[in-house]
file work-v3.txt (compact mmCIF, C-alpha atoms (C1' of nucleotides))
# COMPACT_ATOMS: atom_id res chain seq x y z
CA MET M 5 96.30 74.58 149.96
CA SER M 6 97.61 72.61 147.02
CA PRO M 7 100.86 70.72 147.53
CA VAL M 8 102.11 71.91 144.14
CA PRO M 9 103.94 75.22 144.72
CA VAL M 10 102.07 77.18 142.07
CA SER M 11 99.20 75.75 140.12
CA ASP M 12 99.47 76.66 136.44
CA ASP M 13 95.71 76.95 136.12
CA PRO M 14 95.61 80.68 136.96
CA VAL M 15 98.57 81.22 134.65
CA ARG M 16 96.65 79.51 131.88
CA GLU M 17 93.57 81.55 132.66
CA VAL M 18 95.47 84.83 132.42
CA ARG M 19 97.14 83.69 129.23
CA GLU M 20 93.77 82.86 127.69
CA ARG M 21 92.35 86.20 128.74
CA LEU M 22 95.30 87.98 127.19
CA LEU M 23 95.11 86.05 123.93
CA ASP M 24 91.35 86.55 123.75
CA ALA M 25 91.84 90.29 123.92
CA ALA M 26 94.84 90.22 121.59
CA GLU M 27 92.91 88.31 118.95
CA LYS M 28 89.93 90.60 119.17
CA VAL M 29 91.84 93.84 119.00
CA PHE M 30 94.66 92.86 116.61
CA TYR M 31 92.21 91.30 114.18
CA ALA M 32 89.80 94.21 114.37
CA ARG M 33 92.26 97.08 114.00
CA GLY M 34 95.56 95.71 112.74
CA ILE M 35 98.70 94.89 114.65
CA GLN M 36 100.78 98.04 114.43
CA ALA M 37 97.69 100.15 115.11
CA VAL M 38 97.32 98.51 118.54
CA GLY M 39 99.77 99.44 121.28
CA MET M 40 100.65 97.34 124.27
CA ASP M 41 98.74 99.72 126.47
CA ARG M 42 95.55 99.05 124.58
CA LEU M 43 96.22 95.35 124.95
CA ARG M 44 96.51 95.87 128.70
CA THR M 45 93.24 97.80 128.79
CA ALA M 46 91.39 95.27 126.63
CA SER M 47 92.62 92.23 128.55
CA GLY M 48 92.85 93.60 132.07
CA VAL M 49 96.25 91.94 132.34
CA PRO M 50 98.92 94.28 133.73
CA LEU M 51 101.81 95.17 131.47
CA LYS M 52 104.27 93.54 133.84
CA ARG M 53 102.35 90.29 133.68
CA ILE M 54 102.15 90.38 129.90
CA TYR M 55 105.94 90.64 129.70
CA GLN M 56 106.27 87.76 132.14
CA LEU M 57 104.20 85.58 129.81
CA TYR M 58 105.72 86.78 126.52
CA SER M 59 109.09 88.36 125.98
CA CYS M 60 107.88 90.96 123.48
CA LYS M 61 104.92 92.09 121.40
CA ASP M 62 105.92 89.88 118.47
CA ASP M 63 105.60 86.83 120.69
CA VAL M 64 102.05 87.84 121.66
CA VAL M 65 101.21 88.27 117.99
CA CYS M 66 102.59 84.85 117.09
CA ALA M 67 100.79 83.25 120.03
CA PHE M 68 97.45 84.71 119.00
CA LEU M 69 97.98 83.56 115.40
CA ARG M 70 98.87 80.05 116.57
CA ARG M 71 95.80 79.73 118.75
CA ARG M 72 93.56 81.11 116.01
CA HIS M 73 95.09 78.60 113.62
CA ASP M 74 94.26 75.67 115.88
CA ARG M 75 90.68 76.84 116.34
CA MET M 76 90.07 77.58 112.67
CA MET M 77 91.49 74.30 111.43
CA GLY M 78 89.40 72.48 114.02
CA ALA M 79 86.27 74.32 112.93
CA ILE M 80 86.79 73.48 109.26
CA ALA M 81 87.52 69.87 110.05
CA GLY M 82 84.30 69.76 112.07
CA TYR M 83 82.22 71.01 109.15
CA VAL M 84 83.84 68.47 106.84
CA ALA M 85 83.45 65.60 109.30
CA ARG M 86 79.74 66.28 109.79
CA ALA M 87 79.06 66.08 106.04
CA GLU M 88 78.04 62.78 104.45
CA GLY M 89 79.55 61.68 101.18
CA PRO M 90 82.66 62.99 99.44
CA GLU M 91 80.89 65.67 97.40
CA GLN M 92 79.08 67.01 100.45
CA ARG M 93 82.38 67.22 102.26
CA VAL M 94 83.63 69.60 99.59
CA PHE M 95 80.49 71.71 99.86
CA ALA M 96 80.89 71.76 103.64
CA LEU M 97 83.92 73.99 103.04
CA PHE M 98 81.61 76.62 101.62
CA ASP M 99 79.13 76.21 104.46
CA TRP M 100 81.95 76.96 106.85
CA LEU M 101 82.99 79.89 104.67
CA TYR M 102 79.49 81.36 104.66
CA ASP M 103 79.15 81.09 108.41
CA TRP M 104 82.57 82.63 108.94
CA PHE M 105 81.82 85.55 106.63
CA GLY M 106 78.62 86.17 108.57
CA GLU M 107 80.37 86.67 111.88
CA PRO M 108 79.86 90.29 112.91
CA ASP M 109 83.55 91.04 113.36
CA PHE M 110 84.71 89.30 110.18
CA ARG M 111 87.61 91.18 108.62
CA GLY M 112 89.23 88.79 106.19
CA CYS M 113 92.15 86.46 106.77
CA ALA M 114 94.07 87.38 109.92
CA TRP M 115 97.24 85.90 108.45
CA MET M 116 97.08 87.77 105.16
CA ASN M 117 96.36 90.98 107.03
CA ALA M 118 99.39 90.37 109.24
CA PHE M 119 101.51 89.31 106.27
CA GLY M 120 100.72 92.43 104.27
CA GLU M 121 101.52 94.58 107.26
CA LEU M 122 104.56 92.82 108.75
CA GLY M 123 105.67 90.17 106.25
CA PRO M 124 108.66 92.06 104.86
CA THR M 125 109.95 93.26 108.22
CA ASN M 126 109.09 90.49 110.69
CA ALA M 127 110.42 87.01 110.01
CA ALA M 128 108.67 85.38 112.98
CA VAL M 129 105.23 86.57 111.88
CA ALA M 130 105.98 85.65 108.27
CA ALA M 131 106.89 82.12 109.33
CA GLU M 132 103.66 81.82 111.31
CA VAL M 133 101.69 82.93 108.25
CA HIS M 134 103.36 80.39 106.00
CA ARG M 135 102.78 77.64 108.54
CA HIS M 136 99.08 78.43 108.65
CA LYS M 137 98.60 78.93 104.94
CA ASP M 138 100.38 75.71 104.00
CA ALA M 139 98.15 73.74 106.37
CA PHE M 140 95.01 75.59 105.27
CA ARG M 141 95.71 74.93 101.61
CA GLU M 142 96.51 71.29 102.30
CA LEU M 143 93.28 70.82 104.25
CA LEU M 144 91.18 72.31 101.44
CA THR M 145 92.86 70.67 98.47
CA GLY M 146 93.07 67.40 100.41
CA THR M 147 89.33 67.45 101.00
CA VAL M 148 88.70 67.88 97.28
CA ARG M 149 91.23 65.26 96.23
CA ASP M 150 89.92 62.80 98.83
CA ALA M 151 86.51 63.22 97.21
CA GLY M 152 88.01 61.78 94.05
CA TYR M 153 88.63 64.94 92.05
CA PRO M 154 91.85 65.73 90.20
CA ALA M 155 94.45 68.14 91.49
CA VAL M 156 93.53 70.79 88.94
CA VAL M 157 90.04 70.97 90.46
CA ALA M 158 91.40 70.98 94.00
CA ASP M 159 93.73 73.87 93.18
CA ALA M 160 90.91 75.85 91.60
CA VAL M 161 88.60 75.27 94.56
CA TYR M 162 91.32 76.52 96.87
CA LEU M 163 91.74 79.67 94.77
CA LEU M 164 87.97 80.22 94.79
CA VAL M 165 88.01 80.08 98.58
CA GLU M 166 90.93 82.50 98.91
CA GLY M 167 89.28 84.85 96.44
CA ALA M 168 86.00 84.69 98.34
CA VAL M 169 87.74 85.70 101.57
CA VAL M 170 89.17 88.79 99.87
CA ALA M 171 85.85 89.67 98.26
CA ALA M 172 83.91 89.21 101.50
CA GLN M 173 86.36 91.38 103.41
CA LEU M 174 86.02 94.17 100.86
CA ARG M 175 82.26 94.04 100.49
CA ARG M 176 81.52 93.21 104.14
CA ASP M 177 79.12 90.64 102.81
CA ALA M 178 78.83 86.84 102.94
CA GLU M 179 77.61 86.52 99.36
CA PRO M 180 81.07 85.68 97.91
CA ALA M 181 80.78 82.33 99.73
CA HIS M 182 77.82 81.52 97.48
CA GLU M 183 79.58 82.77 94.37
CA ALA M 184 82.55 80.55 95.19
CA ARG M 185 80.30 77.57 95.87
CA ARG M 186 78.53 77.99 92.53
CA GLY M 187 81.91 78.12 90.81
CA ALA M 188 82.95 74.97 92.64
CA GLU M 189 79.72 73.22 91.64
CA ILE M 190 80.52 73.85 87.99
CA LEU M 191 84.06 72.57 88.47
CA LEU M 192 82.94 69.38 90.21
CA ARG M 193 80.20 68.68 87.70
CA ALA M 194 82.62 69.18 84.80
CA ALA M 195 85.16 66.86 86.43
CA ARG M 196 82.51 64.16 86.97
CA GLY M 197 81.86 64.32 83.24
CA MET E 6 113.20 132.85 80.32
CA SER E 7 109.68 131.56 79.98
CA PRO E 8 106.87 134.09 80.11
CA VAL E 9 104.84 131.83 82.38
CA PRO E 10 105.84 132.65 85.96
CA VAL E 11 106.60 129.09 86.95
CA SER E 12 106.39 126.19 84.59
CA ASP E 13 104.67 123.25 86.24
CA ASP E 14 106.95 120.80 84.47
CA PRO E 15 109.56 120.67 87.23
CA VAL E 16 106.76 120.41 89.78
CA ARG E 17 105.38 117.46 87.88
CA GLU E 18 108.82 115.93 87.64
CA VAL E 19 109.40 116.16 91.39
CA ARG E 20 105.94 114.76 92.04
CA GLU E 21 106.63 111.78 89.78
CA ARG E 22 109.97 111.17 91.44
CA LEU E 23 108.32 111.24 94.85
CA LEU E 24 105.50 108.90 93.84
CA ASP E 25 107.94 106.53 92.14
CA ALA E 26 109.86 106.21 95.39
CA ALA E 27 106.68 106.04 97.48
CA GLU E 28 105.27 103.23 95.38
CA LYS E 29 108.49 101.26 95.48
CA VAL E 30 109.07 101.55 99.20
CA PHE E 31 105.47 101.42 100.48
CA TYR E 32 104.68 98.41 98.32
CA ALA E 33 107.88 96.63 99.25
CA ARG E 34 107.82 97.13 103.02
CA GLY E 35 104.34 98.24 104.05
CA ILE E 36 103.07 101.72 104.78
CA GLN E 37 103.47 102.07 108.52
CA ALA E 38 106.89 100.46 108.32
CA VAL E 39 108.13 103.33 106.14
CA GLY E 40 108.73 106.71 107.74
CA MET E 41 108.71 110.04 105.96
CA ASP E 42 112.46 110.25 106.35
CA ARG E 43 112.94 107.07 104.39
CA LEU E 44 110.65 108.47 101.74
CA ARG E 45 112.88 111.54 101.57
CA THR E 46 116.00 109.40 101.24
CA ALA E 47 114.47 107.13 98.60
CA SER E 48 113.09 109.96 96.47
CA GLY E 49 115.73 112.65 97.02
CA VAL E 50 112.89 115.12 97.55
CA PRO E 51 113.38 117.26 100.67
CA LEU E 52 110.85 116.89 103.46
CA LYS E 53 109.77 120.48 103.07
CA ARG E 54 109.02 119.94 99.42
CA ILE E 55 107.05 116.77 100.12
CA TYR E 56 104.80 118.69 102.49
CA GLN E 57 104.34 121.41 99.89
CA LEU E 58 103.05 118.82 97.43
CA TYR E 59 100.98 116.79 99.89
CA SER E 60 99.52 117.94 103.18
CA CYS E 61 100.31 114.74 105.07
CA LYS E 62 101.57 111.18 104.72
CA ASP E 63 98.06 109.86 104.09
CA ASP E 64 97.80 112.05 101.02
CA VAL E 65 101.03 110.64 99.64
CA VAL E 66 99.71 107.14 100.23
CA CYS E 67 96.43 107.89 98.44
CA ALA E 68 98.28 109.55 95.55
CA PHE E 69 100.53 106.54 95.05
CA LEU E 70 97.53 104.20 95.14
CA ARG E 71 95.67 106.33 92.58
CA ARG E 72 98.57 106.41 90.16
CA ARG E 73 99.16 102.69 90.55
CA HIS E 74 95.46 102.13 89.88
CA ASP E 75 95.59 104.07 86.62
CA ARG E 76 98.65 102.18 85.43
CA MET E 77 97.35 98.77 86.42
CA MET E 78 93.95 99.23 84.83
CA GLY E 79 95.64 100.48 81.67
CA ALA E 80 97.94 97.48 81.59
CA ILE E 81 95.08 95.00 81.95
CA ALA E 82 93.04 96.78 79.30
CA GLY E 83 96.06 96.59 76.99
CA TYR E 84 96.37 92.82 77.42
CA VAL E 85 92.66 92.41 76.75
CA ALA E 86 92.67 94.74 73.73
CA ARG E 87 95.56 92.90 72.08
CA ALA E 88 93.71 89.56 72.27
CA GLU E 89 91.58 88.38 69.38
CA GLY E 90 88.21 86.81 70.00
CA PRO E 91 86.07 86.91 73.14
CA GLU E 92 87.50 83.77 74.71
CA GLN E 93 91.08 84.90 74.16
CA ARG E 94 90.22 88.18 75.83
CA VAL E 95 89.31 86.26 78.97
CA PHE E 96 92.54 84.29 78.84
CA ALA E 97 94.45 87.51 78.34
CA LEU E 98 93.57 88.30 81.96
CA PHE E 99 95.63 85.32 83.05
CA ASP E 100 98.50 86.29 80.75
CA TRP E 101 98.59 89.63 82.49
CA LEU E 102 98.39 87.89 85.85
CA TYR E 103 101.30 85.60 85.04
CA ASP E 104 103.49 88.48 83.88
CA TRP E 105 102.59 90.51 86.97
CA PHE E 106 103.39 87.65 89.34
CA GLY E 107 106.74 87.28 87.62
CA GLU E 108 107.87 90.80 88.35
CA PRO E 109 110.81 90.64 90.77
CA ASP E 110 109.27 92.92 93.36
CA PHE E 111 105.78 91.38 93.26
CA ARG E 112 104.23 91.38 96.72
CA GLY E 113 100.51 90.85 96.21
CA CYS E 114 97.77 93.42 95.86
CA ALA E 115 98.92 96.83 97.07
CA TRP E 116 95.36 97.75 97.96
CA MET E 117 94.65 94.65 100.02
CA ASN E 118 97.95 95.08 101.82
CA ALA E 119 97.04 98.68 102.61
CA PHE E 120 93.49 97.71 103.54
CA GLY E 121 94.58 95.05 105.99
CA GLU E 122 97.01 97.46 107.58
CA LEU E 123 95.04 100.71 107.59
CA GLY E 124 91.47 99.89 106.59
CA PRO E 125 89.92 100.07 110.06
CA THR E 126 91.72 103.24 111.10
CA ASN E 127 92.09 105.30 107.91
CA ALA E 128 88.95 106.21 106.00
CA ALA E 129 90.75 107.92 103.11
CA VAL E 130 92.86 104.87 102.34
CA ALA E 131 89.86 102.58 102.75
CA ALA E 132 87.91 104.67 100.21
CA GLU E 133 90.80 104.48 97.75
CA VAL E 134 90.89 100.71 98.15
CA HIS E 135 87.16 100.35 97.50
CA ARG E 136 87.40 102.60 94.46
CA HIS E 137 90.13 100.45 92.98
CA LYS E 138 88.61 97.12 93.86
CA ASP E 139 85.19 98.01 92.46
CA ALA E 140 86.75 99.05 89.15
CA PHE E 141 89.07 96.04 89.08
CA ARG E 142 86.21 93.62 89.67
CA GLU E 143 84.05 95.35 87.07
CA LEU E 144 86.84 95.20 84.48
CA LEU E 145 87.35 91.46 85.04
CA THR E 146 83.73 90.37 85.25
CA GLY E 147 82.84 92.68 82.36
CA THR E 148 85.46 91.05 80.19
CA VAL E 149 83.98 87.62 80.92
CA ARG E 150 80.37 88.74 80.44
CA ASP E 151 81.24 90.57 77.23
CA ALA E 152 82.62 87.28 75.95
CA GLY E 153 79.10 85.88 76.29
CA TYR E 154 79.40 83.99 79.56
CA PRO E 155 76.85 84.16 82.36
CA ALA E 156 77.38 86.18 85.52
CA VAL E 157 78.00 83.10 87.64
CA VAL E 158 81.05 82.30 85.51
CA ALA E 159 82.24 85.90 85.58
CA ASP E 160 82.01 85.98 89.37
CA ALA E 161 83.93 82.72 89.68
CA VAL E 162 86.67 83.91 87.31
CA TYR E 163 87.05 87.02 89.41
CA LEU E 164 87.40 84.95 92.57
CA LEU E 165 89.98 82.74 90.88
CA VAL E 166 92.03 85.81 90.04
CA GLU E 167 91.83 87.24 93.56
CA GLY E 168 92.74 83.86 95.00
CA ALA E 169 95.69 83.56 92.64
CA VAL E 170 97.04 86.92 93.80
CA VAL E 171 96.98 85.74 97.41
CA ALA E 172 98.55 82.40 96.55
CA ALA E 173 101.29 83.99 94.45
CA GLN E 174 102.12 86.46 97.19
CA LEU E 175 102.46 83.68 99.73
CA ARG E 176 104.42 81.28 97.58
CA ARG E 177 106.49 83.94 95.78
CA ASP E 178 105.71 82.04 92.62
CA ALA E 179 103.82 82.75 89.40
CA GLU E 180 102.34 79.26 89.16
CA PRO E 181 98.97 80.24 90.72
CA ALA E 182 98.29 82.19 87.52
CA HIS E 183 98.33 78.89 85.64
CA GLU E 184 96.21 77.15 88.25
CA ALA E 185 93.64 79.92 87.99
CA ARG E 186 93.69 79.80 84.20
CA ARG E 187 93.11 76.03 84.18
CA GLY E 188 90.17 76.55 86.53
CA ALA E 189 88.80 79.23 84.23
CA GLU E 190 89.20 76.96 81.22
CA ILE E 191 87.00 74.38 82.90
CA LEU E 192 84.42 77.01 83.77
CA LEU E 193 84.28 78.42 80.26
CA ARG E 194 84.10 75.01 78.63
CA ALA E 195 81.30 73.95 80.96
CA ALA E 196 79.40 77.16 80.23
CA ARG E 197 79.77 76.64 76.49
CA GLY E 198 78.13 73.25 76.95
C1' DT R 6 126.13 146.08 95.33
C1' DA R 7 122.39 145.71 98.51
C1' DG R 8 118.16 143.63 99.36
C1' DT R 9 114.82 140.07 98.75
C1' DC R 10 113.28 135.71 97.97
C1' DT R 11 113.65 130.62 97.49
C1' DA R 12 115.10 126.11 98.62
C1' DG R 13 117.47 122.33 100.95
C1' DA R 14 119.73 120.14 105.00
C1' DA R 15 119.06 119.22 109.39
C1' DA R 16 117.50 120.20 114.01
C1' DA R 17 113.54 120.50 116.81
C1' DC R 18 108.92 119.38 118.43
C1' DG R 19 105.26 116.91 120.52
C1' DA R 20 103.19 112.52 120.39
C1' DT R 21 103.34 107.68 120.76
C1' DC R 22 105.58 103.36 120.67
C1' DG R 23 107.60 98.99 123.13
C1' DT R 24 109.67 98.06 127.27
C1' DT R 25 111.34 98.67 132.04
C1' DC R 26 111.22 100.53 136.59
C1' DT R 27 109.33 102.51 140.86
C1' DC R 28 106.51 102.38 144.59
C1' DG R 29 102.93 101.44 147.65
C1' DA R 30 99.41 97.80 149.08
C1' DC R 31 98.69 93.32 150.60
C1' DG R 32 99.24 88.37 152.01
C1' DT R 33 102.02 85.04 154.43
C1' DC R 34 104.76 82.93 157.92
C1' DA R 35 107.92 83.22 162.17
C1' DT Z 5 103.56 92.08 165.25
C1' DG Z 6 106.98 92.51 161.94
C1' DA Z 7 109.92 91.17 158.10
C1' DC Z 8 109.60 89.46 153.61
C1' DG Z 9 107.78 88.62 148.81
C1' DT Z 10 104.53 89.39 145.40
C1' DC Z 11 101.67 92.07 142.75
C1' DG Z 12 99.38 95.86 140.05
C1' DA Z 13 99.07 100.74 138.66
C1' DG Z 14 101.27 103.95 136.48
C1' DA Z 15 105.44 106.75 135.75
C1' DA Z 16 109.59 106.74 133.23
C1' DC Z 17 112.78 105.73 129.46
C1' DG Z 18 114.81 105.82 125.00
C1' DA Z 19 113.55 105.36 120.31
C1' DT Z 20 110.98 106.69 116.46
C1' DC Z 21 107.13 108.73 114.26
C1' DG Z 22 104.81 112.69 111.40
C1' DT Z 23 105.31 117.37 111.02
C1' DT Z 24 107.27 122.09 111.55
C1' DT Z 25 110.91 125.24 112.04
C1' DT Z 26 115.52 127.14 111.73
C1' DC Z 27 119.47 128.42 109.39
C1' DT Z 28 122.31 129.22 105.63
C1' DA Z 29 123.73 129.57 100.81
C1' DG Z 30 122.67 131.11 96.41
C1' DA Z 31 119.79 133.39 92.57
C1' DC Z 32 117.49 137.16 91.02
C1' DT Z 33 116.03 142.30 90.79
C1' DA Z 34 116.68 147.21 90.91
call {"tool": "encode", "arguments": {"input": "work-v3.txt", "output": "structure tokens"}}
result
Amino acid sequence: MSPVPVSDDPVREVRERLLDAAEKVFYARGIQAVGMDRLRTASGVPLKRIYQLYSCKDDVVCAFLRRRHDRMMGAIAGYVARAEGPEQRVFALFDWLYDWFGEPDFRGCAWMNAFGELGPTNAAVAAEVHRHKDAFRELLTGTVRDAGYPAVVADAVYLLVEGAVVAAQLRRDAEPAHEARRGAEILLRAARG
Amino acid sequence: MSPVPVSDDPVREVRERLLDAAEKVFYARGIQAVGMDRLRTASGVPLKRIYQLYSCKDDVVCAFLRRRHDRMMGAIAGYVARAEGPEQRVFALFDWLYDWFGEPDFRGCAWMNAFGELGPTNAAVAAEVHRHKDAFRELLTGTVRDAGYPAVVADAVYLLVEGAVVAAQLRRDAEPAHEARRGAEILLRAARG
DNA sequence: TAGTCTAGAAAACGATCGTTCTCGACGTCA
DNA sequence: TGACGTCGAGAACGATCGTTTTCTAGACTA
């Protein structure tokens, strides 16, 4: 039908379906706890097709982390962009955090989970984690600095956010987002004098 | 020689040797990445003996986490006890943090690493993690509250510490302990009015 | 000394992992 | 219609896992 030999649309569709399933199941249960056969069951993509798209399991893991990174950074940027005024843009970070923590399948930071599990033994995954975390930190501290606050406040706000992610994962509760926001409010007020 | 049939001293010695090796190798490389055979090699304790002391690998994991918990809580309490004055007791938390981050084999929070890896699939490990994290959080926030600061400050200090652990693990650097301390200084000063 | 028990090294076991291969069904074009 | 190519389902493969068993050497007791 189409003059192009093989349209890459169906390829893209299968790839998306695979990465959707990979993200869901790897994030929910951990990476080593999920075998390729479960990935096949969850995605409906045959094993042979999976290995045509990615050369090995590690590549699937890295691909799912990369796509999650793009989506998460976009989501945060959206929250920040919708806020009005520099101070509100900082608080928008905590709005995003609260909404994220409230998602029913929230289970902490996918990159830290992967790093704790595979960091020492898997260089490709470790590199993906560092890539994400550098950008994440820069986005957060940049938002605070762009609002006119000093670096010491930006660094502390970043640590509050990372701490809140850990606390929310442990308690299965969105409240740490509020605790972190209240801490940030004190920091900003003190910096404003 | 001894009238007691079997002294439990050698048993205790073997157990300590096993848990020393388990802690070193599980913490350094992750739990699922370390097989029982590597544990045997690292500890010098025969496989048969390991399974006489613990019924399965999960039990070894829980035992190493419990012993690490006791040591860590004792170490923090020591830093706090040696400080003079309520404010210095809060700052002692960050002294401990800095020294911990500086240890050559530092690789983040052993419990969060285990939780990310095994939390969804291993109830015994998950329970051990919650036990530790509840006590850890109570020790930190209690230290801040006992120094006369309100709960909102105590919660924020706790989040700063958790965030610093994550940041130090990622950057392989003790500097996040200082960033967290500077954030705490601002919080305490603001709370003092 | 003969018999009994213990302990360690290493093989063995069944399960599961990531990855590859086989094989039959189906669509397409001459 | 028939040859060819592609595809998915699932078996198969070698490696490795947690766990159990075997085998042998040595210590102790009567």
call {"tool": "interface_residues", "arguments": {"input": "work-v3.txt", "of": "chain R", "to": "chain M", "cutoff": "10 Å", "atoms": "all atoms listed in the file", "output": "NGL selection string"}}
result
:R and (21-25)
call {"tool": "atom_distance", "arguments": {"input": "work-v3.txt", "atom1": "CA of Glu167 in chain E", "atom2": "CA of Ala171 in chain M"}}
result
8.0 Å
call {"tool": "closest_residue", "arguments": {"input": "work-v3.txt", "among": "M:Glu179, M:Arg44, M:Arg19, M:Asp63", "to": "chain Z", "atoms": "only C-alpha atoms (C1' of nucleotides)"}}
result
M:Arg44
call {"tool": "closest_atom_pairs", "arguments": {"input": "work-v3.txt", "of": "chain Z", "to": "chain E", "cutoff": "10 Å", "atoms": "only C-alpha atoms (C1' of nucleotides)", "output": "CSV"}}
result
residue,atom,partner,partner_atom,distance
Z:DT20,C1',E:Gly40,CA,9.0
Z:DC21,C1',E:Gly40,CA,7.0
Z:DG22,C1',E:Met41,CA,7.2
Z:DT23,C1',E:Cys61,CA,8.2
Z:DT24,C1',E:Lys53,CA,9.0
call {"tool": "write_last_selection", "arguments": {"input": "work-v3.txt", "atoms": "C-alpha atoms (C1' of nucleotides)", "output": "PDB file, in the coordinates of the input"}}
result
ATOM      1  C1'  DT Z  20     110.980 106.690 116.460  1.00  0.00           C
ATOM      2  C1'  DC Z  21     107.130 108.730 114.260  1.00  0.00           C
ATOM      3  C1'  DG Z  22     104.810 112.690 111.400  1.00  0.00           C
ATOM      4  C1'  DT Z  23     105.310 117.370 111.020  1.00  0.00           C
ATOM      5  C1'  DT Z  24     107.270 122.090 111.550  1.00  0.00           C
TER       6       DT Z  24
END
call {"tool": "interface_residues", "arguments": {"input": "work-v3.txt", "of": "chain M", "to": "chain E", "cutoff": "9 Å", "atoms": "all atoms listed in the file", "output": "PDB file with C-alpha atoms, keeping the file's coordinate frame"}}
result
ATOM      1  CA  ALA M  32      89.800  94.210 114.370  1.00  0.00           C
ATOM      2  CA  ARG M  33      92.260  97.080 114.000  1.00  0.00           C
ATOM      3  CA  GLY M  34      95.560  95.710 112.740  1.00  0.00           C
ATOM      4  CA  ILE M  35      98.700  94.890 114.650  1.00  0.00           C
ATOM      5  CA  GLN M  36     100.780  98.040 114.430  1.00  0.00           C
ATOM      6  CA  ALA M  37      97.690 100.150 115.110  1.00  0.00           C
ATOM      7  CA  ARG M 111      87.610  91.180 108.620  1.00  0.00           C
ATOM      8  CA  GLY M 112      89.230  88.790 106.190  1.00  0.00           C
ATOM      9  CA  CYS M 113      92.150  86.460 106.770  1.00  0.00           C
ATOM     10  CA  ALA M 114      94.070  87.380 109.920  1.00  0.00           C
ATOM     11  CA  MET M 116      97.080  87.770 105.160  1.00  0.00           C
ATOM     12  CA  ASN M 117      96.360  90.980 107.030  1.00  0.00           C
ATOM     13  CA  ALA M 118      99.390  90.370 109.240  1.00  0.00           C
ATOM     14  CA  PHE M 119     101.510  89.310 106.270  1.00  0.00           C
ATOM     15  CA  GLY M 120     100.720  92.430 104.270  1.00  0.00           C
ATOM     16  CA  GLU M 121     101.520  94.580 107.260  1.00  0.00           C
ATOM     17  CA  LEU M 122     104.560  92.820 108.750  1.00  0.00           C
ATOM     18  CA  GLY M 123     105.670  90.170 106.250  1.00  0.00           C
ATOM     19  CA  PRO M 124     108.660  92.060 104.860  1.00  0.00           C
ATOM     20  CA  THR M 125     109.950  93.260 108.220  1.00  0.00           C
ATOM     21  CA  VAL M 133     101.690  82.930 108.250  1.00  0.00           C
ATOM     22  CA  HIS M 134     103.360  80.390 106.000  1.00  0.00           C
ATOM     23  CA  LYS M 137      98.600  78.930 104.940  1.00  0.00           C
ATOM     24  CA  VAL M 156      93.530  70.790  88.940  1.00  0.00           C
ATOM     25  CA  VAL M 157      90.040  70.970  90.460  1.00  0.00           C
ATOM     26  CA  ASP M 159      93.730  73.870  93.180  1.00  0.00           C
ATOM     27  CA  ALA M 160      90.910  75.850  91.600  1.00  0.00           C
ATOM     28  CA  VAL M 161      88.600  75.270  94.560  1.00  0.00           C
ATOM     29  CA  TYR M 162      91.320  76.520  96.870  1.00  0.00           C
ATOM     30  CA  LEU M 163      91.740  79.670  94.770  1.00  0.00           C
ATOM     31  CA  LEU M 164      87.970  80.220  94.790  1.00  0.00           C
ATOM     32  CA  VAL M 165      88.010  80.080  98.580  1.00  0.00           C
ATOM     33  CA  GLU M 166      90.930  82.500  98.910  1.00  0.00           C
ATOM     34  CA  GLY M 167      89.280  84.850  96.440  1.00  0.00           C
ATOM     35  CA  ALA M 168      86.000  84.690  98.340  1.00  0.00           C
ATOM     36  CA  VAL M 169      87.740  85.700 101.570  1.00  0.00           C
ATOM     37  CA  VAL M 170      89.170  88.790  99.870  1.00  0.00           C
ATOM     38  CA  ALA M 171      85.850  89.670  98.260  1.00  0.00           C
ATOM     39  CA  LEU M 174      86.020  94.170 100.860  1.00  0.00           C
ATOM     40  CA  ARG M 175      82.260  94.040 100.490  1.00  0.00           C
ATOM     41  CA  PRO M 180      81.070  85.680  97.910  1.00  0.00           C
ATOM     42  CA  GLU M 183      79.580  82.770  94.370  1.00  0.00           C
ATOM     43  CA  ALA M 184      82.550  80.550  95.190  1.00  0.00           C
ATOM     44  CA  ARG M 185      80.300  77.570  95.870  1.00  0.00           C
ATOM     45  CA  ARG M 186      78.530  77.990  92.530  1.00  0.00           C
ATOM     46  CA  GLY M 187      81.910  78.120  90.810  1.00  0.00           C
ATOM     47  CA  ALA M 188      82.950  74.970  92.640  1.00  0.00           C
ATOM     48  CA  ILE M 190      80.520  73.850  87.990  1.00  0.00           C
ATOM     49  CA  LEU M 191      84.060  72.570  88.470  1.00  0.00           C
ATOM     50  CA  ARG M 193      80.200  68.680  87.700  1.00  0.00           C
ATOM     51  CA  ALA M 194      82.620  69.180  84.800  1.00  0.00           C
ATOM     52  CA  ALA M 195      85.160  66.860  86.430  1.00  0.00           C
TER      53      ALA M 195
END
call {"tool": "closest_residue", "arguments": {"input": "work-v3.txt", "among": "E:Val19, E:Asp63, E:Ala128, E:Pro51", "to": "Phe31 in chain E", "atoms": "only C-alpha atoms"}}
result
E:Asp63
call {"tool": "atom_distance", "arguments": {"input": "work-v3.txt", "atom1": "CA of Asp110 in chain E", "atom2": "CA of Asn126 in chain M"}}
result
17.5 Å
call {"tool": "residues_around", "arguments": {"input": "work-v3.txt", "residues": "DT10 in chain Z", "least_positions_apart": "3", "cutoff": "12 Å", "atoms": "all atoms listed in the file", "output": "list in words"}}
result
Arg53 of chain M; DA30, DC31, DG32 and DT33 of chain R
call {"tool": "residues_around", "arguments": {"input": "work-v3.txt", "residues": "Phe140 in chain M", "least_positions_apart": "2", "cutoff": "10 Å", "atoms": "all atoms listed in the file", "output": "count of residues only"}}
result
15
